[in-house]
Every structure is written in C-alpha cells, then in structure tokens.
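Colleague: Got a file for you: work.cif, mmCIF, C-alpha atoms.
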```
data_query
#
loop_
_atom_site.label_atom_id
_atom_site.label_comp_id
_atom_site.auth_asym_id
_atom_site.auth_seq_id
_atom_site.Cartn_x
_atom_site.Cartn_y
_atom_site.Cartn_z
CA MET A 1 100.33 75.12 108.12
CA ILE A 2 97.50 76.40 110.33
CA ILE A 3 97.66 79.10 113.03
CA LEU A 4 95.55 78.47 116.13
CA PHE A 5 94.84 81.36 118.48
CA ASP A 6 92.84 81.75 121.66
CA PHE A 7 93.74 84.76 123.78
CA ILE A 8 92.73 88.06 125.35
CA ILE A 9 94.66 91.33 125.13
CA THR A 10 93.64 94.65 126.65
CA ARG A 11 95.11 97.94 125.44
CA GLY A 12 93.67 100.97 127.19
CA GLU A 13 89.90 100.85 126.77
CA PHE A 14 90.11 98.34 123.91
CA SER A 15 89.93 94.61 124.51
CA LEU A 16 90.45 91.85 121.93
CA SER A 17 89.01 88.50 122.97
CA ILE A 18 89.49 86.07 120.13
CA SER A 19 89.57 82.37 119.32
CA GLY A 20 89.96 80.91 115.83
CA LYS A 21 92.26 79.50 113.19
CA THR A 22 93.57 80.29 109.74
CA CYS A 23 93.57 78.13 106.60
CA ASN A 24 96.46 76.78 104.56
CA GLY A 25 95.88 79.25 101.73
CA ILE A 26 94.98 82.93 102.19
CA THR A 27 92.93 83.90 105.25
CA VAL A 28 91.51 87.42 105.17
CA LEU A 29 90.84 89.37 108.36
CA LEU A 30 88.01 91.70 107.46
CA GLY A 31 86.45 94.44 109.51
CA PRO A 32 86.07 98.19 110.04
CA SER A 33 88.83 100.34 111.51
CA GLY A 34 89.34 99.66 115.22
CA ALA A 35 87.93 96.12 115.04
CA GLY A 36 91.18 94.53 116.27
CA LYS A 37 92.64 93.21 113.01
CA SER A 38 96.11 94.74 113.36
CA THR A 39 96.21 93.91 117.07
CA LEU A 40 95.67 90.24 116.20
CA LEU A 41 98.51 90.31 113.66
CA ASN A 42 100.86 91.98 116.11
CA CYS A 43 100.09 89.34 118.74
CA LEU A 44 100.78 86.56 116.23
CA SER A 45 104.07 88.15 115.17
CA GLY A 46 105.22 88.74 118.76
CA ASN A 47 105.19 92.54 118.60
CA LEU A 48 102.43 92.54 121.23
CA THR A 49 101.94 90.15 124.16
CA PRO A 50 98.42 88.95 125.11
CA ASN A 51 97.30 89.09 128.73
CA ASN A 52 96.58 85.37 128.63
CA GLY A 53 95.89 82.53 126.23
CA ASP A 54 97.69 80.51 123.58
CA ILE A 55 99.04 80.93 120.03
CA LYS A 56 100.23 77.98 117.98
CA ILE A 57 101.87 78.20 114.54
CA GLY A 58 101.86 74.80 112.91
CA CYS A 59 103.22 72.36 115.51
CA ASN A 60 104.99 75.08 117.51
CA THR A 61 103.52 76.93 120.48
CA VAL A 62 104.84 80.49 120.24
CA PHE A 63 102.82 81.89 123.15
CA SER A 64 101.21 80.28 126.18
CA SER A 65 100.47 82.15 129.38
CA ASP A 66 100.00 78.90 131.31
CA LYS A 67 103.26 77.37 130.06
CA ARG A 68 105.09 80.72 130.24
CA ILE A 69 106.09 80.56 126.59
CA ASN A 70 106.57 83.79 124.63
CA LEU A 71 108.92 83.43 121.68
CA LYS A 72 110.58 86.61 120.42
CA PRO A 73 109.45 87.87 117.01
CA GLU A 74 112.65 86.76 115.29
CA LYS A 75 112.12 83.20 116.58
CA ARG A 76 108.62 82.83 115.13
CA LYS A 77 109.62 82.65 111.43
CA ILE A 78 106.92 85.12 110.42
CA GLY A 79 107.16 87.65 107.61
CA LEU A 80 105.25 90.87 108.34
CA VAL A 81 104.42 93.48 105.69
CA SER A 82 102.41 96.59 106.54
CA GLN A 83 101.39 99.79 104.82
CA GLU A 84 104.36 101.49 106.48
CA ASN A 85 106.78 98.63 105.81
CA LEU A 86 109.47 100.95 104.45
CA LEU A 87 112.51 99.69 102.57
CA PHE A 88 116.04 100.45 103.72
CA PRO A 89 116.69 103.75 101.91
CA HIS A 90 120.48 103.25 101.72
CA MET A 91 120.18 99.83 100.01
CA ASP A 92 119.24 99.09 96.41
CA VAL A 93 116.40 96.67 95.67
CA ARG A 94 118.70 93.67 95.40
CA SER A 95 120.18 94.33 98.85
CA ASN A 96 116.75 94.93 100.36
CA ILE A 97 115.29 91.62 99.22
CA THR A 98 118.36 89.58 100.23
CA PHE A 99 118.49 91.14 103.70
CA GLY A 100 116.38 88.34 105.20
CA PHE A 101 118.87 85.70 104.13
CA LYS A 102 121.75 87.58 105.72
CA VAL A 103 119.93 88.11 109.02
CA ARG A 104 118.80 84.52 109.42
CA LYS A 105 121.89 83.03 107.80
CA THR A 106 119.74 80.53 105.99
CA THR A 107 118.80 79.61 102.47
CA SER A 108 115.22 78.40 102.63
CA LYS A 109 114.48 75.21 100.75
CA LYS A 110 111.11 76.70 99.84
CA ILE A 111 112.27 80.11 98.70
CA LYS A 112 114.95 81.01 96.17
CA ILE A 113 115.83 84.61 95.44
CA ASN A 114 115.56 84.15 91.68
CA ASP A 115 112.10 82.66 92.09
CA VAL A 116 110.97 85.61 94.24
CA VAL A 117 112.32 88.10 91.72
CA SER A 118 110.42 86.26 89.00
CA ILE A 119 107.16 86.04 90.99
CA PHE A 120 107.04 89.78 91.62
CA ARG A 121 108.57 90.72 88.25
CA ILE A 122 111.17 93.03 89.69
CA GLU A 123 114.20 91.98 87.61
CA HIS A 124 114.40 95.46 86.08
CA LEU A 125 114.32 97.10 89.53
CA LEU A 126 117.22 95.27 91.22
CA ASP A 127 119.77 98.08 90.82
CA GLN A 128 117.39 100.91 91.70
CA MET A 129 117.16 102.69 95.04
CA PRO A 130 113.85 102.92 96.98
CA SER A 131 113.57 106.64 96.19
CA GLN A 132 113.32 105.73 92.50
CA LEU A 133 110.35 103.36 92.94
CA SER A 134 106.62 103.95 92.59
CA GLY A 135 104.19 103.03 95.39
CA GLY A 136 103.26 99.76 93.72
CA GLU A 137 106.91 98.87 93.13
CA ILE A 138 107.75 99.56 96.79
CA GLN A 139 104.99 97.17 97.88
CA ARG A 140 106.23 94.47 95.51
CA VAL A 141 109.79 94.79 96.81
CA SER A 142 108.55 94.81 100.42
CA LEU A 143 106.66 91.57 99.78
CA ALA A 144 109.72 90.07 98.09
CA ARG A 145 111.93 91.01 101.04
CA ALA A 146 109.51 89.39 103.51
CA LEU A 147 109.31 86.26 101.38
CA CYS A 148 113.11 85.99 101.09
CA SER A 149 113.40 85.78 104.87
CA GLY A 150 112.10 82.21 104.56
CA PRO A 151 108.96 82.64 106.69
CA ASP A 152 106.59 79.85 107.64
CA VAL A 153 103.73 82.37 107.50
CA LEU A 154 103.22 85.79 105.89
CA LEU A 155 101.21 88.46 107.72
CA LEU A 156 100.05 91.35 105.53
CA ASP A 157 98.64 94.35 107.42
CA GLU A 158 96.65 96.47 104.94
CA PRO A 159 99.56 96.65 102.47
CA PHE A 160 97.33 98.06 99.69
CA SER A 161 95.56 100.89 101.49
CA SER A 162 97.91 103.56 100.11
CA LEU A 163 97.65 102.30 96.53
CA ASP A 164 95.19 103.49 93.89
CA ALA A 165 92.74 101.02 92.36
CA ILE A 166 94.74 100.55 89.16
CA THR A 167 98.05 99.87 90.93
CA LYS A 168 96.36 97.48 93.34
CA GLY A 169 95.06 95.03 90.72
CA PRO A 170 98.41 93.54 89.62
CA ILE A 171 99.67 93.27 93.21
CA LEU A 172 96.62 91.24 94.23
CA HIS A 173 97.49 88.78 91.48
CA TYR A 174 101.19 88.76 92.43
CA ILE A 175 100.14 87.63 95.90
CA LYS A 176 97.76 84.96 94.58
CA ASP A 177 100.45 83.58 92.28
CA MET A 178 103.08 83.72 95.02
CA GLN A 179 100.90 81.81 97.49
CA LYS A 180 100.16 79.07 94.96
CA ARG A 181 103.83 78.71 93.98
CA THR A 182 105.27 78.72 97.51
CA ASP A 183 102.37 77.21 99.51
CA ILE A 184 103.15 79.63 102.37
CA PRO A 185 99.99 80.51 104.36
CA ILE A 186 99.04 84.18 104.29
CA LEU A 187 96.97 86.17 106.77
CA LEU A 188 95.80 89.44 105.21
CA VAL A 189 94.22 92.36 107.06
CA THR A 190 91.84 94.53 105.05
CA HIS A 191 88.53 96.39 105.24
CA SER A 192 87.86 95.84 101.53
CA PHE A 193 85.34 93.28 100.30
CA SER A 194 86.91 93.45 96.81
CA GLU A 195 90.28 92.37 98.18
CA THR A 196 88.58 89.70 100.27
CA LEU A 197 86.72 88.18 97.33
CA THR A 198 89.76 88.35 95.04
CA LEU A 199 92.26 86.80 97.45
CA GLY A 200 90.50 84.98 100.26
CA ASP A 201 90.21 81.22 100.62
CA LYS A 202 88.68 81.95 104.02
CA ALA A 203 87.52 85.15 105.68
CA ILE A 204 87.21 86.10 109.34
CA VAL A 205 85.11 89.16 110.17
CA LEU A 206 86.02 91.11 113.30
CA ASN A 207 84.09 93.88 114.98
CA GLU A 208 84.64 95.56 118.35
CA GLY A 209 87.32 93.08 119.40
CA LYS A 210 85.45 89.87 118.60
CA ILE A 211 84.98 87.47 115.70
CA VAL A 212 81.52 88.05 114.23
CA LYS A 213 81.62 85.29 111.62
CA SER A 214 84.05 83.22 109.56
CA GLY A 215 83.83 81.09 106.44
CA ASN A 216 83.82 81.36 102.65
CA PRO A 217 84.25 85.04 101.70
CA TYR A 218 81.04 85.11 99.62
CA SER A 219 79.04 83.79 102.57
CA LEU A 220 79.89 86.92 104.56
CA LEU A 221 78.68 89.53 102.09
CA GLU A 222 75.47 90.30 103.96
CA LEU A 223 77.56 91.62 106.86
CA ARG A 224 78.74 94.56 104.75
CA ASN A 225 75.70 96.65 105.64
CA ASN A 226 75.14 95.16 109.09
CA ILE A 227 78.37 96.47 110.60
CA SER A 228 79.04 100.19 110.76
CA GLY A 229 82.38 101.35 109.47
CA PHE A 230 82.60 99.30 106.27
CA PRO A 231 83.15 101.49 103.19
CA ALA A 232 80.33 101.48 100.64
CA GLU A 233 82.68 100.26 97.91
CA SER A 234 81.76 98.46 94.74
CA VAL A 235 83.12 94.98 94.20
CA VAL A 236 85.77 95.00 91.45
CA ASN A 237 86.55 92.22 88.99
CA TYR A 238 90.35 91.80 88.73
CA MET A 239 91.42 89.42 85.96
CA LYS A 240 94.75 88.43 84.46
CA GLY A 241 94.84 88.32 80.67
CA ILE A 242 96.98 88.90 77.58
CA VAL A 243 96.75 91.42 74.72
CA ILE A 244 96.08 89.43 71.54
CA ASP A 245 95.01 92.08 69.03
CA LYS A 246 95.44 95.81 68.31
CA SER A 247 93.56 95.97 65.04
CA ASN A 248 91.06 98.63 66.06
CA LEU A 249 93.43 101.59 66.10
CA TYR A 250 90.73 104.14 65.27
CA ASP A 251 89.36 104.27 68.81
CA LYS A 252 92.49 102.76 70.41
CA LEU A 253 90.71 99.56 71.37
CA GLY A 254 92.10 96.08 71.20
CA THR A 255 91.45 92.58 72.48
CA VAL A 256 92.47 91.15 75.84
CA ARG A 257 91.88 87.42 76.32
CA VAL A 258 91.01 86.27 79.85
CA GLN A 259 90.51 82.56 80.56
CA GLY A 260 89.46 81.99 76.94
CA THR A 261 87.04 84.97 76.87
CA ASP A 262 87.83 88.05 74.77
CA PHE A 263 87.26 91.63 75.94
CA TYR A 264 87.43 94.73 73.74
CA VAL A 265 89.12 97.38 75.88
CA PRO A 266 91.41 100.44 75.63
CA ILE A 267 94.95 99.11 75.04
CA GLU A 268 96.91 102.22 74.09
CA GLY A 269 100.54 101.71 75.12
CA PHE A 270 100.34 97.90 75.34
CA ASP A 271 101.87 95.62 72.71
CA ILE A 272 100.49 92.29 71.54
CA GLY A 273 101.64 89.55 73.90
CA THR A 274 101.72 91.81 76.97
CA GLU A 275 100.29 90.25 80.14
CA VAL A 276 97.87 92.65 81.80
CA ILE A 277 95.37 92.95 84.63
CA LEU A 278 91.91 93.86 83.37
CA GLN A 279 89.56 95.38 85.91
CA PHE A 280 86.07 96.84 86.05
CA SER A 281 83.39 97.38 88.68
CA ALA A 282 80.68 94.81 89.28
CA ARG A 283 78.24 97.73 88.94
CA ASP A 284 79.35 98.43 85.35
CA LEU A 285 77.94 95.16 84.00
CA ILE A 286 74.43 95.47 82.52
CA VAL A 287 72.22 92.37 82.61
CA ALA A 288 69.72 91.19 80.00
CA THR A 289 67.65 87.99 79.86
CA ALA A 290 67.54 88.03 76.03
CA LYS A 291 70.36 88.63 73.56
CA PRO A 292 70.79 92.40 73.16
CA LYS A 293 70.58 93.96 69.70
CA ASN A 294 71.77 97.32 68.39
CA VAL A 295 73.59 98.38 71.57
CA SER A 296 76.69 100.50 71.92
CA ALA A 297 78.44 98.22 74.41
CA ARG A 298 81.32 96.39 72.70
CA ASN A 299 81.39 93.44 75.11
CA ILE A 300 78.37 91.12 75.15
CA LEU A 301 78.85 87.91 77.13
CA TYR A 302 76.60 84.94 77.77
CA GLY A 303 76.64 82.87 80.96
CA ARG A 304 74.83 81.18 83.81
CA VAL A 305 74.30 82.50 87.35
CA SER A 306 76.18 80.23 89.76
CA ARG A 307 75.80 82.26 92.95
CA LEU A 308 73.40 84.91 94.27
CA LYS A 309 74.25 86.58 97.57
CA SER A 310 72.61 89.46 99.42
CA MET A 311 74.82 92.41 100.38
CA GLY A 312 72.09 94.19 102.31
CA ILE A 313 70.96 96.95 99.96
CA SER A 314 72.09 95.09 96.83
CA PHE A 315 72.84 91.60 95.51
CA LEU A 316 76.08 90.19 94.14
CA ILE A 317 75.65 87.50 91.52
CA THR A 318 78.45 85.42 90.06
CA VAL A 319 78.07 84.56 86.38
CA ASN A 320 80.06 81.73 84.80
CA ILE A 321 81.18 82.56 81.27
CA GLU A 322 82.46 79.67 79.16
CA PRO A 323 85.02 78.23 79.09
CA LYS A 324 86.11 79.00 82.68
CA LEU A 325 85.61 82.65 83.61
CA GLY A 326 83.54 83.87 86.56
CA LEU A 327 82.37 87.49 86.79
CA ASP A 328 80.79 89.28 89.75
CA VAL A 329 77.81 91.51 88.97
CA GLU A 330 76.07 93.87 91.41
CA LEU A 331 72.33 94.39 91.04
CA THR A 332 69.53 95.99 93.03
CA PRO A 333 66.84 93.79 94.61
CA GLU A 334 64.33 95.40 92.22
CA SER A 335 66.37 94.28 89.19
CA ILE A 336 66.68 90.75 90.58
CA ASP A 337 62.90 90.50 90.99
CA ARG A 338 61.98 92.20 87.70
CA LEU A 339 64.33 90.01 85.65
CA GLY A 340 63.47 86.87 87.62
CA ILE A 341 67.12 86.04 88.26
CA THR A 342 67.89 82.99 90.37
CA GLU A 343 70.82 80.63 90.68
CA GLY A 344 70.97 78.75 87.38
CA SER A 345 69.48 81.59 85.28
CA LYS A 346 71.01 82.08 81.83
CA ILE A 347 71.72 85.74 81.16
CA PHE A 348 73.62 88.14 78.90
CA LEU A 349 76.07 90.72 80.22
CA MET A 350 76.94 94.01 78.53
CA LEU A 351 80.10 95.95 79.34
CA LYS A 352 81.28 99.22 77.81
CA SER A 353 84.92 99.29 76.77
CA SER A 354 85.24 102.66 78.48
CA SER A 355 84.36 101.01 81.82
CA CYS A 356 87.49 98.82 81.62
CA THR A 357 91.00 99.62 82.78
CA ILE A 358 94.14 97.60 82.12
CA ASN A 359 97.53 97.72 83.77
CA LYS A 360 100.68 95.77 83.03
CA TYR A 361 101.09 92.60 85.05
#
```
Would you give me this structure, written as structure tokens?
Modeller:
Amino acid sequence: MIILFDFIITRGEFSLSISGKTCNGITVLLGPSGAGKSTLLNCLSGNLTPNNGDIKIGCNTVFSSDKRINLKPEKRKIGLVSQENLLFPHMDVRSNITFGFKVRKTTSKKIKINDVVSIFRIEHLLDQMPSQLSGGEIQRVSLARALCSGPDVLLLDEPFSSLDAITKGPILHYIKDMQKRTDIPILLVTHSFSETLTLGDKAIVLNEGKIVKSGNPYSLLELRNNISGFPAESVVNYMKGIVIDKSNLYDKLGTVRVQGTDFYVPIEGFDIGTEVILQFSARDLIVATAKPKNVSARNILYGRVSRLKSMGISFLITVNIEPKLGLDVELTPESIDRLGITEGSKIFLMLKSSSCTINKY
C-alpha cells in the first residue's frame, strides 16, 4: 500500500509544501528539527488539516480540498506512535495492547494479538503496569498497541529519541521483523542517519518545509553535511545474532554469531543460545589492505567493498563479509586515498572486543 500526498499547510510563519509518495516497506522521513516531518505525519493521520491539496492512502482518498473530503483520524485506519505516545496508566500491558480491538470492534485478518506479543517479545510483561516498565519496554508495548488496532499504515514519529543507544538497537530490529511479518507499510520520522540506514527501504529528506531529495537511503548520505541541523553522529552497525560460546571466561568474552560470521565480544550475563543485538560504531572498525599480524584486536574480518559513499567530511564504505554479512565502515578521505580503496577492493577489518556492546533481543 502506497501513500500519495500533494498539499500545502501553513502554521504561523511555517509553511509545508510537499508532494511525494511512500514505499510498501519502510519509508524514512529524514531531516533536521523544524523541517516539517511531524507536520507531514499529522496531516496524513488527520490530526492536522492542510490548506489545500490531496492525500491518498492506498485506493482511498482521505483528504481532498477540491472534493471536500477530510476523513476523521479514526476513519483513516492509521496507527500513530510518537515519543510521547503514553500508555494508559490504569491498564496493564495486556489491556493496553488489546485496546485497539475493543475500540474498532474488529479482529484484523492481518494481525493477531498472539503474533504481536511474539513479535515484540512482551509475553513476560502482559500482567505488568506501565509504571513498572523501562523506556524500551514502553516503546515496545506502544508499538504493539498501535499494531493491534489493525492499521493499514503505521506512522512512527521519532519513537526512539528518548532511548539510549543500547536500548534502541533491539527495537529497530523488532520493527524490521514486524514489517516483514505483517507487510504493513511504515512511515518513520527521524533525524538519525543510523536509524535511516538500518530501517529504511526508501528515504525522503525534508528541509525548511520542502522535500530536498528522495531515494535509497545510502544515496542521500552526502546531504548530512550540506543541511544545517543534522547531528554529527556516527553510523552504527546494529546486527542480530546468537551467543554460541562462553569459553573465554578469563576476560568475560564469548562468541556471538551473526549471519554466519563470529564476533568475540563481552557476553557477561548472557547464556549460550541467547538471541542478542550486537552493535558498534562504523568509526570503530580499522581497515587494512594486508592481513594484520600481532595485533590486539580480537576480531579480524576479510571482505570486499561493495559501496563507497561520500558523507561530506568522511566516507562510508560497506564491506561484504562472507557468507552474507554487510558492515558499514567510516573513513576519512585521506585514508581512502592512502589505502587506494575503491568499490571492489578486498580489505581486512579489525574490531576491538571492547568496542562492541550487546543487548538481549
């Protein structure tokens, strides 16, 4: 299902004049604060009304100034989750996530409560009250509640901005898994390139109330330093894996297998067989063009550069590690030139175990 939009809305001194469409997977709205991202989502959901134009969700026109159509939010079958999307404090988790079914008096053919509980791994939280939940758990339950309402589309308005980097990793993968399993289109608002690269099938960059560019998320990286207001964040590799070994108890390291590739990382508190999210910064990977010898880094990987993209003051390269793992690495232009790295180059990557963090999936 694709959303088509072409409208203008003016709020005080700010004007959003926008025309575009989403994809069937996850479309990311990227841009600095004040670019118009949340305004667009609120117009799509019906919480704000454009001055003129049209909005079409799938085959249904939900807003048209010419045809005088303006469906109420509850008629648009849209699930909206925001940073402030608070749970009902007087209801336990089970009652919160089933609220959508009771309001709409429907049992979606796409969505089953047991499936949602399984997707977000909240079985152990069902009898708890919101006051007993962590920030990451609240976001998972909020997403589950929106999904249980049987939406045709999910709108996510910066739902991760209040979460720390470690808590965020698993939730990004919950959303990816949920979208694949339900096939419900998602429109995600963020100002983070890491979130965009991890989740986005398509990205739309907004600035000052207009679309600057849209396309594959990696194709938009050069805009990071061309638009003021973007945070100077490092790209983070978020990967789902499983603990397969705890033999190295001396320094509390163990082995996490990701897509057939093994990483030696701190695993204290995680048992063998535990599914985890492994994460580390693209800046923490050290590149060599020959096999390193006598180095302290515990992780040495070999791969081929499949993508090289400018990010303004640095480059992001994607390295394919056999059998099917891709890692993002951030390098300076000087390093790219000195090492002679191009698309297709075969290189070695070194990663310290201490640079890695894991969290339970």
Colleague: The PyMOL selection byres ((chain A and resi 273) around 10) - which residues does that actually catch in the file I just gave you? List them as a list in words.
Modeller: Gly241, Ile242, Val243, Ile244, Asp245, Val256, Phe270, Asp271, Ile272, Thr274, Glu275 and Val276 of chain A
Colleague: Given the file shown, enumerate the residues that the PyMOL selection byres ((chain A and resi 334-340) around 8) captures and present them as a PyMOL selection string.
Modeller: chain A and resi 288-289+315+331-333+341-342
Colleague: Taking the file as I've supplied it (selection: the PyMOL selection byres ((chain A and resi 121) around 12)), which residues are included? Please answer as number ranges by chain.
Modeller: A: 113-120, 122-126, 136-137, 140-141, 143-144, 170-171, 173-175, 177-178, 275, 360-361
Colleague: Kindly save the residues from that selection, with C-alpha atoms included, as a CSV table (one decimal), keeping the file's coordinate frame.
Modeller:
```
chain,number,residue,atom,x,y,z
A,113,ILE,CA,115.8,84.6,95.4
A,114,ASN,CA,115.6,84.2,91.7
A,115,ASP,CA,112.1,82.7,92.1
A,116,VAL,CA,111.0,85.6,94.2
A,117,VAL,CA,112.3,88.1,91.7
A,118,SER,CA,110.4,86.3,89.0
A,119,ILE,CA,107.2,86.0,91.0
A,120,PHE,CA,107.0,89.8,91.6
A,122,ILE,CA,111.2,93.0,89.7
A,123,GLU,CA,114.2,92.0,87.6
A,124,HIS,CA,114.4,95.5,86.1
A,125,LEU,CA,114.3,97.1,89.5
A,126,LEU,CA,117.2,95.3,91.2
A,136,GLY,CA,103.3,99.8,93.7
A,137,GLU,CA,106.9,98.9,93.1
A,140,ARG,CA,106.2,94.5,95.5
A,141,VAL,CA,109.8,94.8,96.8
A,143,LEU,CA,106.7,91.6,99.8
A,144,ALA,CA,109.7,90.1,98.1
A,170,PRO,CA,98.4,93.5,89.6
A,171,ILE,CA,99.7,93.3,93.2
A,173,HIS,CA,97.5,88.8,91.5
A,174,TYR,CA,101.2,88.8,92.4
A,175,ILE,CA,100.1,87.6,95.9
A,177,ASP,CA,100.4,83.6,92.3
A,178,MET,CA,103.1,83.7,95.0
A,275,GLU,CA,100.3,90.2,80.1
A,360,LYS,CA,100.7,95.8,83.0
A,361,TYR,CA,101.1,92.6,85.0
```
Colleague: Excluding same-chain residues fewer than 4 positions from Asp201 of chain A, what lies within 9 Å of it counting only C-alpha atoms, as number ranges by chain?
Modeller: A: 23-28, 196-197, 215-217
Colleague: Would you save the residues from that selection as a compact mmCIF listing (two decimals), keeping the file's coordinate frame, using C-alpha atoms?
Modeller:
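again_24.txt written:
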```txt
# COMPACT_ATOMS: atom_id res chain seq x y z
CA CYS A 23 93.57 78.13 106.60
CA ASN A 24 96.46 76.78 104.56
CA GLY A 25 95.88 79.25 101.73
CA ILE A 26 94.98 82.93 102.19
CA THR A 27 92.93 83.90 105.25
CA VAL A 28 91.51 87.42 105.17
CA THR A 196 88.58 89.70 100.27
CA LEU A 197 86.72 88.18 97.33
CA GLY A 215 83.83 81.09 106.44
CA ASN A 216 83.82 81.36 102.65
CA PRO A 217 84.25 85.04 101.70
```
Colleague: Find the spatial neighbours of segment 203-213 of chain A, counting only C-alpha atoms, within a cut-off of 6 Å - ignore same-chain residues fewer than 6 positions away - and output them as a list in words.
Modeller: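 So the residues in contact are Ser15, Leu16, Ser17, Ile18, Thr27, Val28, Leu29, Leu30, Gly31, Ala35 and Gly36 of chain A.
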Colleague: Counting only C-alpha atoms, figure out which residue out of A:Lys21, A:Thr182, A:Val295, A:Ile267 gets nearest to Lys202 of chain A.
Modeller: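 Comparing A:Lys21, A:Thr182, A:Val295, A:Ile267 against Lys202 of chain A, the winner is A:Lys21.
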Colleague: Determine the nearest neighbour of Leu163 of chain A from the options A:Thr261, A:Leu41, A:Ile138, A:Ile277, counting all atoms listed in the file.
Modeller: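 Of the candidates, the smallest distance to Leu163 of chain A is held by A:Ile138.
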Colleague: Have a look at atom CA of Gly150 of chain A and atom CA of Thr22 of chain A and let me know their distance in Å, one decimal.
Modeller: 19.3 Å
Colleague: Looking at A:Asn51, A:Ser355, A:Thr98, A:Thr39, which one is nearest to Asn299 of chain A, with distances taken over only C-alpha atoms?
Modeller: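 Nearest candidate to Asn299 of chain A out of A:Asn51, A:Ser355, A:Thr98, A:Thr39: A:Ser355.
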Colleague: Find the residues with any atom within 10 Å of (93.8, 100.5, 102.6); use all atoms listed in the file and the coordinates as given in the file, and write the answer as a PyMOL selection string.
Modeller: chain A and resi 83+157-164+189-192+195
Colleague: Env of segment 60-75 of chain A: 6 Å cut, atoms = all atoms listed in the file, seq-sep filter 5 positions within chain, self excluded. Answer as a ChimeraX atom specification.
Modeller: /A:45-46,52-55
Colleague: Starting from the sparse input, extend segment 163-181 of chain A to N, CA and C atoms and give the output as a PDB file, in the coordinates of the input.
Modeller:
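What landed in part_7.pdb:
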```
ATOM      1  N   LEU A 163      97.536 102.443  97.970  1.00  0.00           N
ATOM      2  CA  LEU A 163      97.650 102.300  96.530  1.00  0.00           C
ATOM      3  C   LEU A 163      96.324 102.652  95.846  1.00  0.00           C
ATOM      4  N   ASP A 164      96.409 103.222  94.641  1.00  0.00           N
ATOM      5  CA  ASP A 164      95.190 103.490  93.890  1.00  0.00           C
ATOM      6  C   ASP A 164      94.663 102.195  93.297  1.00  0.00           C
ATOM      7  N   ALA A 165      93.419 102.241  92.817  1.00  0.00           N
ATOM      8  CA  ALA A 165      92.740 101.020  92.360  1.00  0.00           C
ATOM      9  C   ALA A 165      93.462 100.353  91.207  1.00  0.00           C
ATOM     10  N   ILE A 166      94.073 101.137  90.321  1.00  0.00           N
ATOM     11  CA  ILE A 166      94.740 100.550  89.160  1.00  0.00           C
ATOM     12  C   ILE A 166      96.032  99.863  89.570  1.00  0.00           C
ATOM     13  N   THR A 167      96.805 100.473  90.456  1.00  0.00           N
ATOM     14  CA  THR A 167      98.050  99.870  90.930  1.00  0.00           C
ATOM     15  C   THR A 167      97.782  98.608  91.734  1.00  0.00           C
ATOM     16  N   LYS A 168      96.671  98.588  92.441  1.00  0.00           N
ATOM     17  CA  LYS A 168      96.360  97.480  93.340  1.00  0.00           C
ATOM     18  C   LYS A 168      96.113  96.166  92.599  1.00  0.00           C
ATOM     19  N   GLY A 169      95.453  96.227  91.443  1.00  0.00           N
ATOM     20  CA  GLY A 169      95.060  95.030  90.720  1.00  0.00           C
ATOM     21  C   GLY A 169      96.192  94.046  90.475  1.00  0.00           C
ATOM     22  N   PRO A 170      97.304  94.483  89.854  1.00  0.00           N
ATOM     23  CA  PRO A 170      98.410  93.540  89.620  1.00  0.00           C
ATOM     24  C   PRO A 170      98.981  92.962  90.908  1.00  0.00           C
ATOM     25  N   ILE A 171      99.066  93.757  91.971  1.00  0.00           N
ATOM     26  CA  ILE A 171      99.670  93.270  93.210  1.00  0.00           C
ATOM     27  C   ILE A 171      98.805  92.176  93.834  1.00  0.00           C
ATOM     28  N   LEU A 172      97.481  92.308  93.737  1.00  0.00           N
ATOM     29  CA  LEU A 172      96.620  91.240  94.230  1.00  0.00           C
ATOM     30  C   LEU A 172      96.930  89.926  93.524  1.00  0.00           C
ATOM     31  N   HIS A 173      97.174  90.000  92.227  1.00  0.00           N
ATOM     32  CA  HIS A 173      97.490  88.780  91.480  1.00  0.00           C
ATOM     33  C   HIS A 173      98.905  88.293  91.753  1.00  0.00           C
ATOM     34  N   TYR A 174      99.848  89.200  92.015  1.00  0.00           N
ATOM     35  CA  TYR A 174     101.190  88.760  92.430  1.00  0.00           C
ATOM     36  C   TYR A 174     101.082  87.904  93.684  1.00  0.00           C
ATOM     37  N   ILE A 175     100.262  88.359  94.630  1.00  0.00           N
ATOM     38  CA  ILE A 175     100.140  87.630  95.900  1.00  0.00           C
ATOM     39  C   ILE A 175      99.461  86.280  95.684  1.00  0.00           C
ATOM     40  N   LYS A 176      98.412  86.240  94.868  1.00  0.00           N
ATOM     41  CA  LYS A 176      97.760  84.960  94.580  1.00  0.00           C
ATOM     42  C   LYS A 176      98.735  83.975  93.941  1.00  0.00           C
ATOM     43  N   ASP A 177      99.488  84.453  92.948  1.00  0.00           N
ATOM     44  CA  ASP A 177     100.450  83.580  92.280  1.00  0.00           C
ATOM     45  C   ASP A 177     101.539  83.130  93.233  1.00  0.00           C
ATOM     46  N   MET A 178     102.015  84.050  94.066  1.00  0.00           N
ATOM     47  CA  MET A 178     103.080  83.720  95.020  1.00  0.00           C
ATOM     48  C   MET A 178     102.620  82.656  96.003  1.00  0.00           C
ATOM     49  N   GLN A 179     101.379  82.780  96.509  1.00  0.00           N
ATOM     50  CA  GLN A 179     100.900  81.810  97.490  1.00  0.00           C
ATOM     51  C   GLN A 179     100.780  80.417  96.862  1.00  0.00           C
ATOM     52  N   LYS A 180     100.300  80.359  95.625  1.00  0.00           N
ATOM     53  CA  LYS A 180     100.160  79.070  94.960  1.00  0.00           C
ATOM     54  C   LYS A 180     101.522  78.431  94.695  1.00  0.00           C
ATOM     55  N   ARG A 181     102.519  79.247  94.333  1.00  0.00           N
ATOM     56  CA  ARG A 181     103.830  78.710  93.980  1.00  0.00           C
ATOM     57  C   ARG A 181     104.659  78.323  95.194  1.00  0.00           C
TER      58      ARG A 181
END
```
